[in-house]
>>> print(open('protein-v8.cif').read())   # mmCIF, C-alpha atoms
data_data
#
loop_
_atom_site.label_atom_id
_atom_site.label_comp_id
_atom_site.auth_asym_id
_atom_site.auth_seq_id
_atom_site.Cartn_x
_atom_site.Cartn_y
_atom_site.Cartn_z
CA MET A 1 -15.78 -20.39 -15.45
CA THR A 2 -19.35 -19.16 -15.50
CA ASN A 3 -20.54 -22.33 -13.77
CA ASN A 4 -21.86 -21.87 -10.23
CA ARG A 5 -22.21 -18.13 -10.83
CA ILE A 6 -25.20 -15.81 -10.74
CA THR A 7 -25.38 -14.47 -14.31
CA ASP A 8 -27.38 -11.35 -13.50
CA HIS A 9 -26.99 -10.06 -9.96
CA PRO A 10 -29.14 -7.14 -8.73
CA VAL A 11 -26.12 -5.45 -7.11
CA LEU A 12 -23.07 -6.81 -8.94
CA GLY A 13 -24.61 -6.54 -12.41
CA LYS A 14 -24.26 -8.85 -15.36
CA LEU A 15 -21.58 -11.55 -15.33
CA GLU A 16 -20.25 -10.66 -18.81
CA ASN A 17 -19.41 -7.13 -17.63
CA GLN A 18 -17.02 -8.44 -14.94
CA THR A 19 -13.25 -8.23 -15.43
CA PRO A 20 -11.56 -11.66 -15.48
CA VAL A 21 -8.52 -12.19 -13.25
CA LYS A 22 -6.12 -15.12 -13.62
CA PHE A 23 -4.42 -16.77 -10.65
CA THR A 24 -2.84 -20.12 -9.86
CA PHE A 25 -3.85 -22.64 -7.21
CA ASP A 26 -1.31 -25.43 -6.58
CA GLY A 27 0.23 -24.73 -9.98
CA THR A 28 -2.99 -24.80 -12.01
CA THR A 29 -4.23 -21.57 -13.54
CA TYR A 30 -7.82 -20.56 -12.82
CA THR A 31 -9.87 -17.54 -13.75
CA GLY A 32 -12.01 -15.54 -11.37
CA PHE A 33 -13.49 -12.07 -11.57
CA GLU A 34 -12.30 -8.80 -10.11
CA GLY A 35 -13.51 -8.51 -6.52
CA ASP A 36 -13.63 -12.28 -6.01
CA THR A 37 -12.05 -13.64 -2.87
CA ILE A 38 -9.72 -16.61 -3.30
CA ALA A 39 -12.39 -18.79 -1.70
CA SER A 40 -15.23 -17.61 -3.95
CA ALA A 41 -13.12 -17.82 -7.12
CA LEU A 42 -12.08 -21.39 -6.30
CA LEU A 43 -15.62 -22.36 -5.34
CA ALA A 44 -16.87 -21.09 -8.71
CA ASN A 45 -14.19 -23.25 -10.34
CA GLY A 46 -15.47 -26.28 -8.43
CA ILE A 47 -12.68 -26.45 -5.84
CA ARG A 48 -13.90 -26.79 -2.28
CA GLN A 49 -10.91 -28.27 -0.48
CA LEU A 50 -8.46 -25.49 0.37
CA ARG A 51 -6.09 -27.40 2.64
CA VAL A 52 -5.73 -30.49 4.79
CA HIS A 53 -5.35 -30.64 8.56
CA GLU A 54 -1.61 -30.38 9.26
CA GLU A 55 -1.50 -33.44 11.47
CA THR A 56 -4.30 -35.78 10.37
CA GLY A 57 -4.67 -34.86 6.71
CA ALA A 58 -8.44 -34.40 7.01
CA PRO A 59 -9.83 -32.06 4.32
CA ARG A 60 -10.61 -28.46 5.23
CA ALA A 61 -12.52 -25.77 3.34
CA ILE A 62 -14.55 -22.64 3.98
CA TYR A 63 -16.11 -22.83 7.43
CA CYS A 64 -17.25 -19.40 8.64
CA ASN A 65 -16.39 -17.41 5.48
CA ILE A 66 -16.25 -14.15 7.46
CA GLY A 67 -12.59 -14.23 8.48
CA HIS A 68 -13.17 -15.49 11.98
CA CYS A 69 -12.17 -19.15 12.08
CA PHE A 70 -8.97 -19.35 9.97
CA GLU A 71 -10.13 -22.69 8.55
CA CYS A 72 -9.59 -21.51 4.97
CA ARG A 73 -5.99 -20.36 5.43
CA VAL A 74 -3.80 -20.82 2.37
CA THR A 75 -0.33 -19.75 1.27
CA VAL A 76 -0.40 -16.67 -0.96
CA ASP A 77 2.80 -15.67 -2.76
CA ASP A 78 4.81 -17.69 -0.18
CA THR A 79 3.13 -16.01 2.81
CA ASP A 80 1.33 -18.65 4.87
CA GLY A 81 -1.75 -18.27 7.05
CA VAL A 82 -3.66 -16.03 4.64
CA ARG A 83 -7.42 -16.34 4.86
CA ALA A 84 -8.87 -17.31 1.47
CA CYS A 85 -12.28 -15.90 2.41
CA MET A 86 -10.92 -12.41 3.14
CA THR A 87 -8.32 -11.97 0.43
CA THR A 88 -9.34 -10.70 -3.00
CA ILE A 89 -7.58 -12.21 -6.01
CA ARG A 90 -4.99 -10.30 -8.00
CA GLU A 91 -3.64 -11.00 -11.47
CA ASN A 92 -0.99 -13.78 -11.36
CA MET A 93 -1.49 -14.39 -7.66
CA LYS A 94 0.14 -17.64 -6.56
CA VAL A 95 -2.05 -19.55 -4.13
CA ASP A 96 -1.02 -22.85 -2.56
CA SER A 97 -3.10 -25.19 -0.43
CA GLY A 98 -2.13 -26.17 3.11
CA LYS A 99 -0.28 -29.50 3.21
CA LEU A 100 0.13 -32.37 5.63
CA GLN A 101 3.04 -31.75 8.00
CA ALA A 102 5.47 -34.23 9.48
CA VAL A 103 4.91 -35.08 13.17
CA PRO A 104 8.32 -36.39 14.24
CA PHE A 105 7.68 -36.02 17.97
CA LYS A 106 4.31 -37.74 18.11
CA SER A 107 4.53 -40.69 20.50
CA LYS A 108 2.47 -42.29 23.24
CA PRO A 109 3.49 -41.79 26.88
CA GLU A 110 3.94 -45.56 27.32
CA GLU A 111 6.59 -45.46 24.58
CA TRP A 112 8.66 -42.86 26.42
CA PRO A 113 11.85 -44.05 28.15
CA ARG A 114 11.43 -44.11 31.93
CA THR A 115 15.10 -44.14 32.83
CA TYR A 116 18.21 -42.71 31.22
CA ALA A 117 19.47 -46.24 30.57
CA GLU A 118 16.30 -46.99 28.61
CA PHE A 119 16.69 -43.76 26.68
CA GLU A 120 20.30 -44.55 25.79
CA LYS A 121 19.32 -48.03 24.69
CA SER A 122 16.56 -46.74 22.40
CA SER A 123 18.70 -43.99 20.88
CA LYS A 124 21.65 -46.33 20.19
CA LYS A 125 19.36 -48.69 18.32
CA ASP A 126 19.20 -46.31 15.35
CA GLY A 127 22.97 -45.81 15.35
CA VAL A 128 22.35 -42.05 15.34
CA PRO A 129 24.16 -40.11 18.07
CA HIS A 130 21.96 -38.11 20.40
CA VAL A 131 22.11 -34.40 19.62
CA MET B 1 -22.57 -37.84 16.32
CA ASP B 2 -19.89 -38.17 19.00
CA LYS B 3 -17.23 -38.05 16.28
CA LEU B 4 -18.46 -34.54 15.59
CA ILE B 5 -15.47 -32.22 15.57
CA ILE B 6 -15.70 -29.41 18.11
CA CYS B 7 -12.23 -27.88 17.76
CA ARG B 8 -11.36 -27.91 14.08
CA CYS B 9 -7.86 -26.44 14.47
CA GLU B 10 -6.68 -29.28 16.72
CA GLU B 11 -9.27 -31.81 15.51
CA VAL B 12 -10.79 -32.60 18.90
CA SER B 13 -14.11 -34.46 18.76
CA LEU B 14 -17.15 -34.16 21.00
CA GLU B 15 -16.36 -37.70 22.18
CA ASP B 16 -12.83 -36.69 23.27
CA ILE B 17 -14.13 -33.69 25.19
CA GLU B 18 -16.96 -35.61 26.87
CA ASN B 19 -14.68 -38.51 27.83
CA THR B 20 -12.04 -36.20 29.26
CA ALA B 21 -14.60 -34.12 31.15
CA ASN B 22 -16.20 -37.26 32.58
CA LYS B 23 -12.93 -38.97 33.48
CA TYR B 24 -11.21 -36.04 35.19
CA SER B 25 -14.27 -33.92 36.08
CA CYS B 26 -12.10 -30.97 35.14
CA SER B 27 -12.38 -27.23 34.81
CA ALA B 28 -12.56 -25.56 31.42
CA ARG B 29 -8.88 -24.69 31.61
CA GLU B 30 -7.83 -28.21 32.53
CA LEU B 31 -9.99 -29.60 29.72
CA LYS B 32 -8.29 -27.27 27.29
CA LEU B 33 -4.81 -28.31 28.43
CA ARG B 34 -5.66 -32.03 28.34
CA THR B 35 -7.33 -32.16 24.93
CA ARG B 36 -5.84 -29.07 23.23
CA ALA B 37 -9.36 -27.97 22.29
CA GLY B 38 -9.19 -24.22 21.79
CA MET B 39 -5.39 -24.09 21.56
CA GLY B 40 -5.11 -24.14 17.78
CA TYR B 41 -4.53 -21.58 15.09
CA CYS B 42 -7.72 -19.59 15.67
CA GLY B 43 -6.99 -19.25 19.39
CA GLY B 44 -10.23 -20.87 20.53
CA ARG B 45 -12.38 -18.14 19.03
CA THR B 46 -14.49 -20.65 17.12
CA CYS B 47 -14.96 -23.57 19.53
CA ARG B 48 -14.91 -21.85 22.92
CA PRO B 49 -18.71 -21.56 23.31
CA ALA B 50 -19.08 -25.21 22.26
CA VAL B 51 -16.44 -26.41 24.75
CA ASP B 52 -18.09 -24.32 27.47
CA ALA B 53 -21.48 -25.80 26.61
CA VAL B 54 -20.24 -29.41 26.75
CA LEU B 55 -18.54 -28.75 30.06
CA GLU B 56 -21.64 -27.15 31.55
CA GLU B 57 -23.60 -30.26 30.57
CA VAL B 58 -21.06 -32.70 32.01
CA THR B 59 -19.71 -31.00 35.15
CA GLY B 60 -22.17 -28.13 35.62
CA GLU B 61 -19.40 -25.52 35.40
CA LYS B 62 -20.84 -22.22 34.21
CA PRO B 63 -18.74 -20.44 31.59
CA GLY B 64 -16.99 -17.47 33.18
CA ASN B 65 -14.72 -14.87 31.70
CA ASP B 66 -12.17 -14.39 34.49
CA ILE B 67 -9.70 -17.24 34.03
CA PRO B 68 -10.98 -20.31 32.17
CA LEU B 69 -11.11 -19.81 28.43
CA LYS B 70 -10.90 -16.08 27.93
CA VAL B 71 -9.62 -14.82 24.62
CA GLN B 72 -6.30 -13.04 24.77
CA PRO B 73 -5.39 -10.08 22.58
CA PRO B 74 -4.61 -9.56 19.71
CA VAL B 75 -8.07 -10.02 18.31
CA ARG B 76 -6.83 -12.17 15.42
CA PRO B 77 -3.69 -14.22 14.85
CA VAL B 78 -1.25 -11.93 13.03
CA SER B 79 2.33 -12.35 11.83
CA LEU B 80 5.17 -10.35 13.35
CA SER B 81 5.54 -8.40 10.09
CA VAL B 82 2.02 -7.05 10.58
CA LEU B 83 3.10 -5.77 14.00
CA GLY B 84 5.96 -3.83 12.44
CA GLY B 85 8.63 -6.39 11.62
CA LYS B 86 10.64 -6.23 8.42
CA LYS B 87 9.26 -7.81 5.28
CA ARG B 88 11.25 -10.73 3.90
#
>>> encode(input="protein-v8.cif", output="structure tokens")
Amino acid sequence: MTNNRITDHPVLGKLENQTPVKFTFDGTTYTGFEGDTIASALLANGIRQLRVHEETGAPRAIYCNIGHCFECRVTVDDTDGVRACMTTIRENMKVDSGKLQAVPFKSKPEEWPRTYAEFEKSSKKDGVPHV
Amino acid sequence: MDKLIICRCEEVSLEDIENTANKYSCSARELKLRTRAGMGYCGGRTCRPAVDAVLEEVTGEKPGNDIPLKVQPPVRPVSLSVLGGKKR
């Protein structure tokens, strides 16, 4: 917990005088200190990846760290789109990382049906009626 | 270097932007609509200067603030509950 931390900060004071705060990230309990943002508490615990890109699954973490870019957005207590760099941790806060999303409508233009007959043919193939 | 990501929200690389700008010799707005650069979660607030800079290099279009890539209010993406909707 004290790894990656400044033990004696000229403004914040000594590390041992800080109040510990427990929170969970993806189901695992971590400890940060009062006044920590989600991003700083996780960084001190060695976690840099906060989410993955919804479509490609590429890792994402802190980018601007001043609340501008929304790269560090996580789900806090079931509210999504919360910026980890701007939100201070609370006791028993439930934080979840951003996950890969399904892309059911991703297709190339050359795969699109050009006529209604083609469309009917492709939709019947699956045996699922068109909704 | 060309795989460098310019728009992180929509994961658009420098290569994509340069290729599109070269191929279609397009305006900033057209570039945005073709590649989705600047149309992601942050609303183009992070990559807009970079997209403008690439475009200026490729087509010579100077970044303006009247139509092309201007930022629309609100200042940050907010949920409807922040604007006064009911909490779940």
>>> closest_residue(input="protein-v8.cif", among="B:Leu80, B:Val75, B:Val58, B:Val12", to="Ser25 in chain B", atoms="all atoms listed in the file")
B:Val58
>>> closest_residue(input="protein-v8.cif", among="A:Ser107, A:Ser40, A:Thr56, A:Gln101", to="chain B", atoms="all atoms listed in the file")
A:Thr56
>>> residues_near_point(input="protein-v8.cif", point="(-8.4, -24.1, 15.7)", cutoff="7 Å", atoms="all atoms listed in the file", output="PyMOL selection string")
chain B and resi 7-10+38-44
>>> resolve_selection(input="protein-v8.cif", expression="the PyMOL selection byres ((chain B and resi 3) around 8)", output="list in words")
Met1, Asp2, Leu4, Ile5, Ser13, Leu14 and Glu15 of chain B
>>> closest_residue(input="protein-v8.cif", among="B:Glu61, B:Ile17, B:Thr46, B:Ala53", to="chain A", atoms="all atoms listed in the file")
B:Thr46
>>> closest_atom_pairs(input="protein-v8.cif", of="chain A", to="chain B", cutoff="10 Å", atoms="all atoms listed in the file", output="CSV")
residue,atom,partner,partner_atom,distance
A:His53,CA,B:Cys9,CA,7.7
A:Glu54,CA,B:Cys9,CA,9.0
A:Glu55,CA,B:Glu10,CA,8.5
A:Thr56,CA,B:Glu11,CA,8.2
A:Ala58,CA,B:Glu11,CA,8.9
A:Arg60,CA,B:Arg8,CA,8.9
A:Tyr63,CA,B:Arg8,CA,9.6
A:Cys64,CA,B:Thr46,CA,9.0
A:Gly67,CA,B:Arg76,CA,9.3
A:His68,CA,B:Thr46,CA,7.4
A:Cys69,CA,B:Cys42,CA,5.7
A:Phe70,CA,B:Cys42,CA,5.8
A:Glu71,CA,B:Cys9,CA,7.4
A:Arg73,CA,B:Tyr41,CA,9.8
A:Thr79,CA,B:Arg88,CA,9.7
A:Asp80,CA,B:Ser79,CA,9.4
A:Gly81,CA,B:Ser79,CA,8.6
A:Val82,CA,B:Val78,CA,9.6
>>> atom_distance(input="protein-v8.cif", atom1="CA of Gln18 in chain A", atom2="CA of Asp78 in chain A")
27.9 Å
>>> resolve_selection(input="protein-v8.cif", expression="the PyMOL selection byres ((chain B and resi 22) around 12)", output="PyMOL selection string")
chain B and resi 15-21+23-27+31+54-60
>>> resolve_selection(input="protein-v8.cif", expression="the PyMOL selection byres ((chain A and resi 22) around 7)", output="list in words")
Pro20, Val21, Phe23, Thr29, Tyr30, Thr31, Gly32, Glu91 and Asn92 of chain A
>>> atom_distance(input="protein-v8.cif", atom1="CA of Asn65 in chain A", atom2="CA of Arg29 in chain B")
28.1 Å
>>> residues_around(input="protein-v8.cif", residues="Leu12 in chain A", least_positions_apart="5", cutoff="12 Å", atoms="all atoms listed in the file", output="ChimeraX atom specification")
/A:5-7,17-19,33-36
>>> atom_distance(input="protein-v8.cif", atom1="CA of Thr115 in chain A", atom2="CA of Ala102 in chain A")
27.1 Å
>>> residues_around(input="protein-v8.cif", residues="Met93 in chain A", least_positions_apart="2", cutoff="9 Å", atoms="all atoms listed in the file", output="PyMOL selection string")
chain A and resi 22-25+76-77+89-91+95
